[in-house]
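Novice: I'm passing along start_8.pdb; it holds PDB, C-alpha atoms, pLDDT in the B column.
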```
ATOM      1  CA  MET A  21       0.000   0.000   0.000  1.00 88.00           C
ATOM      2  CA  THR A  22       1.283   3.450  -0.906  1.00 96.00           C
ATOM      3  CA  GLU A  23       2.301   5.686   1.990  1.00 98.00           C
ATOM      4  CA  ILE A  24       3.471   9.289   2.105  1.00 98.00           C
ATOM      5  CA  TYR A  25       6.479  10.310   4.189  1.00 98.00           C
ATOM      6  CA  ILE A  26       7.000  13.975   5.080  1.00 97.00           C
ATOM      7  CA  ASP A  27      10.335  15.378   6.183  1.00 94.00           C
ATOM      8  CA  GLY A  28       8.319  17.402   8.655  1.00 89.00           C
ATOM      9  CA  ASP A  29      10.386  20.031  10.423  1.00 78.00           C
ATOM     10  CA  ALA A  30      10.664  22.495   7.559  1.00 79.00           C
ATOM     11  CA  CYS A  31       7.821  21.336   5.318  1.00 91.00           C
ATOM     12  CA  PRO A  32       5.455  24.168   4.340  1.00 94.00           C
ATOM     13  CA  VAL A  33       2.960  21.915   2.515  1.00 96.00           C
ATOM     14  CA  ARG A  34       1.894  19.473   5.233  1.00 95.00           C
ATOM     15  CA  GLU A  35      -1.760  20.581   5.104  1.00 94.00           C
ATOM     16  CA  GLU A  36      -1.868  19.964   1.353  1.00 96.00           C
ATOM     17  CA  VAL A  37      -0.484  16.459   1.862  1.00 97.00           C
ATOM     18  CA  TYR A  38      -3.053  15.712   4.552  1.00 97.00           C
ATOM     19  CA  ARG A  39      -5.894  16.696   2.205  1.00 95.00           C
ATOM     20  CA  VAL A  40      -4.658  14.523  -0.692  1.00 96.00           C
ATOM     21  CA  ALA A  41      -3.881  11.559   1.555  1.00 97.00           C
ATOM     22  CA  THR A  42      -7.243  11.743   3.328  1.00 96.00           C
ATOM     23  CA  ARG A  43      -9.094  11.914   0.018  1.00 95.00           C
ATOM     24  CA  LEU A  44      -7.250   8.819  -1.239  1.00 95.00           C
ATOM     25  CA  GLY A  45      -7.180   6.910   2.062  1.00 96.00           C
ATOM     26  CA  LEU A  46      -3.384   6.888   2.402  1.00 97.00           C
ATOM     27  CA  MET A  47      -1.219   6.828   5.515  1.00 98.00           C
ATOM     28  CA  VAL A  48       1.029   9.813   6.138  1.00 98.00           C
ATOM     29  CA  PHE A  49       4.109   9.752   8.362  1.00 97.00           C
ATOM     30  CA  VAL A  50       5.292  13.194   9.470  1.00 96.00           C
ATOM     31  CA  VAL A  51       8.827  12.678  10.729  1.00 96.00           C
ATOM     32  CA  SER A  52      10.362  15.339  12.964  1.00 93.00           C
ATOM     33  CA  ASN A  53      13.248  15.716  15.369  1.00 89.00           C
ATOM     34  CA  GLY A  54      11.172  18.133  17.422  1.00 79.00           C
ATOM     35  CA  SER A  55      13.211  21.217  16.531  1.00 75.00           C
ATOM     36  CA  ARG A  56       9.982  23.013  15.599  1.00 77.00           C
ATOM     37  CA  PRO A  57       6.632  22.617  17.296  1.00 75.00           C
ATOM     38  CA  LEU A  58       4.263  20.722  15.023  1.00 82.00           C
ATOM     39  CA  ARG A  59       0.599  20.426  15.803  1.00 81.00           C
ATOM     40  CA  PRO A  60      -0.535  17.003  14.697  1.00 78.00           C
ATOM     41  CA  PRO A  61      -3.832  16.971  12.870  1.00 88.00           C
ATOM     42  CA  ASN A  62      -6.615  14.948  14.389  1.00 91.00           C
ATOM     43  CA  LEU A  63      -6.747  12.533  11.432  1.00 95.00           C
ATOM     44  CA  PRO A  64      -6.664   8.738  11.726  1.00 96.00           C
ATOM     45  CA  ASN A  65      -4.372   8.385   8.698  1.00 97.00           C
ATOM     46  CA  VAL A  66      -1.646  10.765   9.948  1.00 96.00           C
ATOM     47  CA  ARG A  67       1.090   9.592  12.312  1.00 96.00           C
ATOM     48  CA  MET A  68       3.551  11.984  13.907  1.00 94.00           C
ATOM     49  CA  VAL A  69       6.949  10.346  14.347  1.00 95.00           C
ATOM     50  CA  LEU A  70       9.361  12.045  16.738  1.00 93.00           C
ATOM     51  CA  VAL A  71      12.945  10.889  16.267  1.00 94.00           C
ATOM     52  CA  GLY A  72      16.034  11.762  18.273  1.00 86.00           C
ATOM     53  CA  ASP A  73      17.910  15.006  17.749  1.00 84.00           C
ATOM     54  CA  ALA A  74      20.921  13.305  16.170  1.00 84.00           C
ATOM     55  CA  SER A  75      21.971  14.742  12.843  1.00 80.00           C
ATOM     56  CA  ASP A  76      19.911  13.195  10.024  1.00 90.00           C
ATOM     57  CA  ALA A  77      17.769  11.110  12.408  1.00 94.00           C
ATOM     58  CA  ALA A  78      14.575  12.016  10.537  1.00 94.00           C
ATOM     59  CA  ASP A  79      16.223  11.310   7.189  1.00 95.00           C
ATOM     60  CA  ASP A  80      17.475   7.945   8.439  1.00 96.00           C
ATOM     61  CA  TRP A  81      14.027   6.972   9.738  1.00 97.00           C
ATOM     62  CA  ILE A  82      12.416   7.771   6.392  1.00 97.00           C
ATOM     63  CA  ALA A  83      15.130   6.181   4.246  1.00 97.00           C
ATOM     64  CA  GLU A  84      15.010   2.949   6.261  1.00 97.00           C
ATOM     65  CA  ARG A  85      11.246   2.539   5.745  1.00 98.00           C
ATOM     66  CA  ILE A  86      10.295   4.066   2.405  1.00 98.00           C
ATOM     67  CA  GLY A  87       9.712   1.717  -0.488  1.00 96.00           C
ATOM     68  CA  ALA A  88       9.091   1.727  -4.222  1.00 95.00           C
ATOM     69  CA  ASP A  89       5.332   2.258  -3.823  1.00 94.00           C
ATOM     70  CA  ASP A  90       5.761   5.295  -1.569  1.00 97.00           C
ATOM     71  CA  VAL A  91       6.129   9.056  -1.924  1.00 98.00           C
ATOM     72  CA  CYS A  92       8.414  11.351   0.068  1.00 98.00           C
ATOM     73  CA  VAL A  93       7.925  15.100   0.437  1.00 98.00           C
ATOM     74  CA  THR A  94      11.219  16.837   1.180  1.00 95.00           C
ATOM     75  CA  SER A  95      13.430  19.723   0.122  1.00 90.00           C
ATOM     76  CA  ASP A  96      16.467  17.840   1.483  1.00 92.00           C
ATOM     77  CA  VAL A  97      18.461  16.758  -1.583  1.00 92.00           C
ATOM     78  CA  PRO A  98      20.499  13.972   0.109  1.00 94.00           C
ATOM     79  CA  LEU A  99      17.294  12.490   1.563  1.00 95.00           C
ATOM     80  CA  ALA A 100      15.662  12.726  -1.867  1.00 95.00           C
ATOM     81  CA  SER A 101      18.597  10.789  -3.307  1.00 96.00           C
ATOM     82  CA  ARG A 102      18.301   8.077  -0.649  1.00 96.00           C
ATOM     83  CA  CYS A 103      14.559   7.718  -1.271  1.00 97.00           C
ATOM     84  CA  LEU A 104      15.094   7.517  -5.038  1.00 97.00           C
ATOM     85  CA  ALA A 105      17.644   4.747  -4.421  1.00 97.00           C
ATOM     86  CA  ASN A 106      14.812   2.816  -2.721  1.00 97.00           C
ATOM     87  CA  GLY A 107      12.619   3.330  -5.779  1.00 96.00           C
ATOM     88  CA  ALA A 108      10.288   5.871  -4.154  1.00 97.00           C
ATOM     89  CA  ARG A 109       8.880   8.993  -5.754  1.00 97.00           C
ATOM     90  CA  VAL A 110      10.139  12.274  -4.262  1.00 97.00           C
ATOM     91  CA  ILE A 111       8.603  15.738  -4.459  1.00 98.00           C
ATOM     92  CA  ALA A 112       9.933  19.043  -3.166  1.00 96.00           C
ATOM     93  CA  PRO A 113       7.474  21.487  -1.542  1.00 96.00           C
ATOM     94  CA  ASN A 114       7.742  23.764  -4.606  1.00 95.00           C
ATOM     95  CA  GLY A 115       6.372  20.968  -6.802  1.00 96.00           C
ATOM     96  CA  ARG A 116       9.653  19.847  -8.327  1.00 95.00           C
ATOM     97  CA  GLU A 117       9.797  16.096  -8.733  1.00 96.00           C
ATOM     98  CA  TRP A 118      13.185  14.610  -7.956  1.00 94.00           C
ATOM     99  CA  THR A 119      14.214  11.852 -10.365  1.00 94.00           C
ATOM    100  CA  GLN A 120      17.308   9.819 -11.148  1.00 90.00           C
ATOM    101  CA  ALA A 121      17.830  12.194 -14.086  1.00 91.00           C
ATOM    102  CA  ASN A 122      17.999  15.409 -12.015  1.00 87.00           C
ATOM    103  CA  ILE A 123      19.200  14.377  -8.548  1.00 86.00           C
ATOM    104  CA  GLY A 124      22.895  14.218  -9.491  1.00 74.00           C
ATOM    105  CA  GLY A 125      22.945  17.857 -10.580  1.00 70.00           C
ATOM    106  CA  ALA A 126      21.104  18.877  -7.417  1.00 74.00           C
ATOM    107  CA  LEU A 127      23.614  17.024  -5.232  1.00 64.00           C
ATOM    108  CA  ALA A 128      26.507  18.674  -7.090  1.00 69.00           C
ATOM    109  CA  GLY A 129      24.926  22.125  -6.706  1.00 72.00           C
ATOM    110  CA  ARG A 130      24.409  21.523  -3.007  1.00 66.00           C
ATOM    111  CA  GLU A 131      28.044  20.522  -2.582  1.00 72.00           C
ATOM    112  CA  LEU A 132      29.225  23.586  -4.513  1.00 71.00           C
ATOM    113  CA  ALA A 133      27.114  25.884  -2.321  1.00 67.00           C
ATOM    114  CA  ARG A 134      28.534  24.220   0.814  1.00 72.00           C
ATOM    115  CA  HIS A 135      32.073  24.747  -0.474  1.00 65.00           C
ATOM    116  CA  LEU A 136      31.377  28.414  -1.278  1.00 68.00           C
ATOM    117  CA  ARG A 137      30.002  28.968   2.233  1.00 72.00           C
ATOM    118  CA  GLU A 138      33.163  27.396   3.677  1.00 75.00           C
ATOM    119  CA  LEU A 139      35.153  29.953   1.691  1.00 75.00           C
ATOM    120  CA  GLY A 140      33.113  32.718   3.325  1.00 79.00           C
ATOM    121  CA  MET A 141      30.869  33.532   0.388  1.00 76.00           C
ATOM    122  CA  GLN A 142      27.211  34.297   0.939  1.00 77.00           C
ATOM    123  CA  THR A 143      24.811  31.859  -0.702  1.00 67.00           C
ATOM    124  CA  ARG A 144      21.081  32.383  -0.877  1.00 72.00           C
ATOM    125  CA  GLY A 145      18.573  30.083   0.727  1.00 68.00           C
ATOM    126  CA  PRO A 146      15.498  28.685  -0.935  1.00 72.00           C
ATOM    127  CA  ALA A 147      13.029  31.092  -2.475  1.00 78.00           C
ATOM    128  CA  ALA A 148       9.786  31.764  -0.609  1.00 85.00           C
ATOM    129  CA  LEU A 149       6.962  29.419  -1.545  1.00 91.00           C
ATOM    130  CA  THR A 150       4.408  31.054  -3.861  1.00 93.00           C
ATOM    131  CA  LYS A 151       0.782  30.223  -4.668  1.00 94.00           C
ATOM    132  CA  ALA A 152       1.990  28.863  -8.013  1.00 95.00           C
ATOM    133  CA  ASP A 153       4.470  26.597  -6.166  1.00 96.00           C
ATOM    134  CA  ARG A 154       1.683  25.244  -3.953  1.00 95.00           C
ATOM    135  CA  SER A 155      -0.510  24.609  -6.969  1.00 96.00           C
ATOM    136  CA  ARG A 156       2.349  22.857  -8.795  1.00 97.00           C
ATOM    137  CA  PHE A 157       3.050  20.822  -5.650  1.00 97.00           C
ATOM    138  CA  LEU A 158      -0.559  19.624  -5.417  1.00 96.00           C
ATOM    139  CA  SER A 159      -0.581  18.641  -9.082  1.00 96.00           C
ATOM    140  CA  THR A 160       2.753  16.827  -8.859  1.00 97.00           C
ATOM    141  CA  LEU A 161       1.752  15.063  -5.633  1.00 97.00           C
ATOM    142  CA  ASP A 162      -1.558  13.936  -7.109  1.00 95.00           C
ATOM    143  CA  THR A 163       0.186  12.576 -10.225  1.00 95.00           C
ATOM    144  CA  ALA A 164       2.904  10.804  -8.226  1.00 95.00           C
ATOM    145  CA  VAL A 165       0.432   9.205  -5.818  1.00 96.00           C
ATOM    146  CA  HIS A 166      -1.815   8.000  -8.629  1.00 94.00           C
ATOM    147  CA  LYS A 167       1.188   6.486 -10.466  1.00 93.00           C
ATOM    148  CA  ALA A 168       2.271   4.731  -7.274  1.00 92.00           C
ATOM    149  CA  LEU A 169      -1.258   3.433  -6.645  1.00 91.00           C
ATOM    150  CA  HIS A 170      -1.528   2.218 -10.244  1.00 88.00           C
ATOM    151  CA  GLU A 171       1.774   0.354 -10.002  1.00 85.00           C
ATOM    152  CA  THR A 172       0.763  -1.143  -6.662  1.00 78.00           C
ATOM    153  CA  ALA A 173      -2.462  -2.449  -8.187  1.00 77.00           C
ATOM    154  CA  SER A 174      -0.624  -3.986 -11.174  1.00 71.00           C
TER     155      SER A 174
END
```
I need this file expressed as structure tokens, please.

Specialist:
Amino acid sequence: MTEIYIDGDACPVREEVYRVATRLGLMVFVVSNGSRPLRPPNLPNVRMVLVGDASDAADDWIAERIGADDVCVTSDVPLASRCLANGARVIAPNGREWTQANIGGALAGRELARHLRELGMQTRGPAALTKADRSRFLSTLDTAVHKALHETAS
């Protein structure tokens, strides 16, 4: 059965995921290290998972459980890569779908930005989420979930 995993601490589209998952009867796991207060929704299909505060604990929890029929929502490029390696579908909050074809470039860009910061250069963070991003996210999530459900049924 298809499940949705949310890298929860910095995810701005949790409510959108809850709506899609509830409509389709899917389980959602919101994984957090507790660094930000999250109010769990009172929905039977949503489970809040609190992991330890170790570095990458939430990523590890997701990567150890996600499978080929599942979907992950994250802006974390290394986590996206790990989920893709497990065959899962991965969507960023801005609606970008991570694939084997584009994850390598994203990992390289992330590494370059890290190196530039180490050299003392200022790098910009992610752009603010727009209405268009949210709309694109919902469309991409709906498509990814339906593909996963179709493959599960086959």

Novice: Apply the PyMOL selection byres ((chain A and resi 89) around 8) to the displayed file and report the matching residues as a PyMOL selection string.

Specialist: chain A and resi 21-23+87-88+90-91+107-109+168-169+171-172

Novice: Determine the nearest neighbour of A:Ala83 from the options A:Ile26, A:Cys31, A:Ala121, A:Ala41, counting all atoms listed in the file.

Specialist: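 Closest residue, counting all atoms listed in the file: A:Ile26.
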
Novice: Taking all atoms listed in the file into account, name the residue in A:Ala147, A:Cys103, A:Val93, A:Leu70 that is nearest to A:Leu161.

Specialist: A:Val93

Novice: From the set A:Lys167, A:Thr42, A:Asp96, A:Asp79, which residue has the shortest atom-to-atom contact distance to A:Asn62, counting only C-alpha atoms?

Specialist: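 Smallest distance to A:Asn62 is found for A:Thr42.
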
Novice: With only C-alpha atoms as the basis for distance, which of A:Gly54, A:Gly45, A:Gly115, A:Pro61 is at the shortest distance from A:Phe157?

Specialist: A:Gly115

Novice: For this file, the PyMOL selection byres ((chain A and resi 97) around 8) selects which residues, as a ChimeraX atom specification?

Specialist: /A:94-96,98-101,123,126-127,130

Novice: Generate the output file for the selected residues, C-alpha atoms, as a PDB file, in the frame of the given file.

Specialist:
```
ATOM      1  CA  THR A  94      11.219  16.837   1.180  1.00 95.00           C
ATOM      2  CA  SER A  95      13.430  19.723   0.122  1.00 90.00           C
ATOM      3  CA  ASP A  96      16.467  17.840   1.483  1.00 92.00           C
ATOM      4  CA  PRO A  98      20.499  13.972   0.109  1.00 94.00           C
ATOM      5  CA  LEU A  99      17.294  12.490   1.563  1.00 95.00           C
ATOM      6  CA  ALA A 100      15.662  12.726  -1.867  1.00 95.00           C
ATOM      7  CA  SER A 101      18.597  10.789  -3.307  1.00 96.00           C
ATOM      8  CA  ILE A 123      19.200  14.377  -8.548  1.00 86.00           C
ATOM      9  CA  ALA A 126      21.104  18.877  -7.417  1.00 74.00           C
ATOM     10  CA  LEU A 127      23.614  17.024  -5.232  1.00 64.00           C
ATOM     11  CA  ARG A 130      24.409  21.523  -3.007  1.00 66.00           C
TER      12      ARG A 130
END
```

Novice: Here is a test: counting only C-alpha atoms, which residue of A:Arg67, A:Val110, A:Ser174, A:Leu58 is nearest to A:Pro32?

Specialist: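 Looking at the shortest contact to A:Pro32, the residue is A:Leu58.
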
Novice: Would you mind reading off the distance between atom CA of A:Ser55 and atom CA of A:Asp29, one decimal, in Å?

Specialist: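 Between atom CA of A:Ser55 and atom CA of A:Asp29 the gap works out to 6.8 Å.
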
Novice: Which residue out of A:Val69, A:Ala164, A:Ala173, A:Ile86 has the minimum interatomic distance to A:Glu117 when all atoms listed in the file are used?

Specialist: A:Ala164

Novice: In Å, how far is it from atom CA of A:Pro57 to atom CA of A:Ala74?

Specialist: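 About the pair atom CA of A:Pro57 and atom CA of A:Ala74: they are 17.1 Å apart.
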
Novice: Could you tell me how far atom CA of A:Met68 lies from atom CA of A:Arg154, in Å and to one decimal?

Specialist: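 The value is 22.3 Å.
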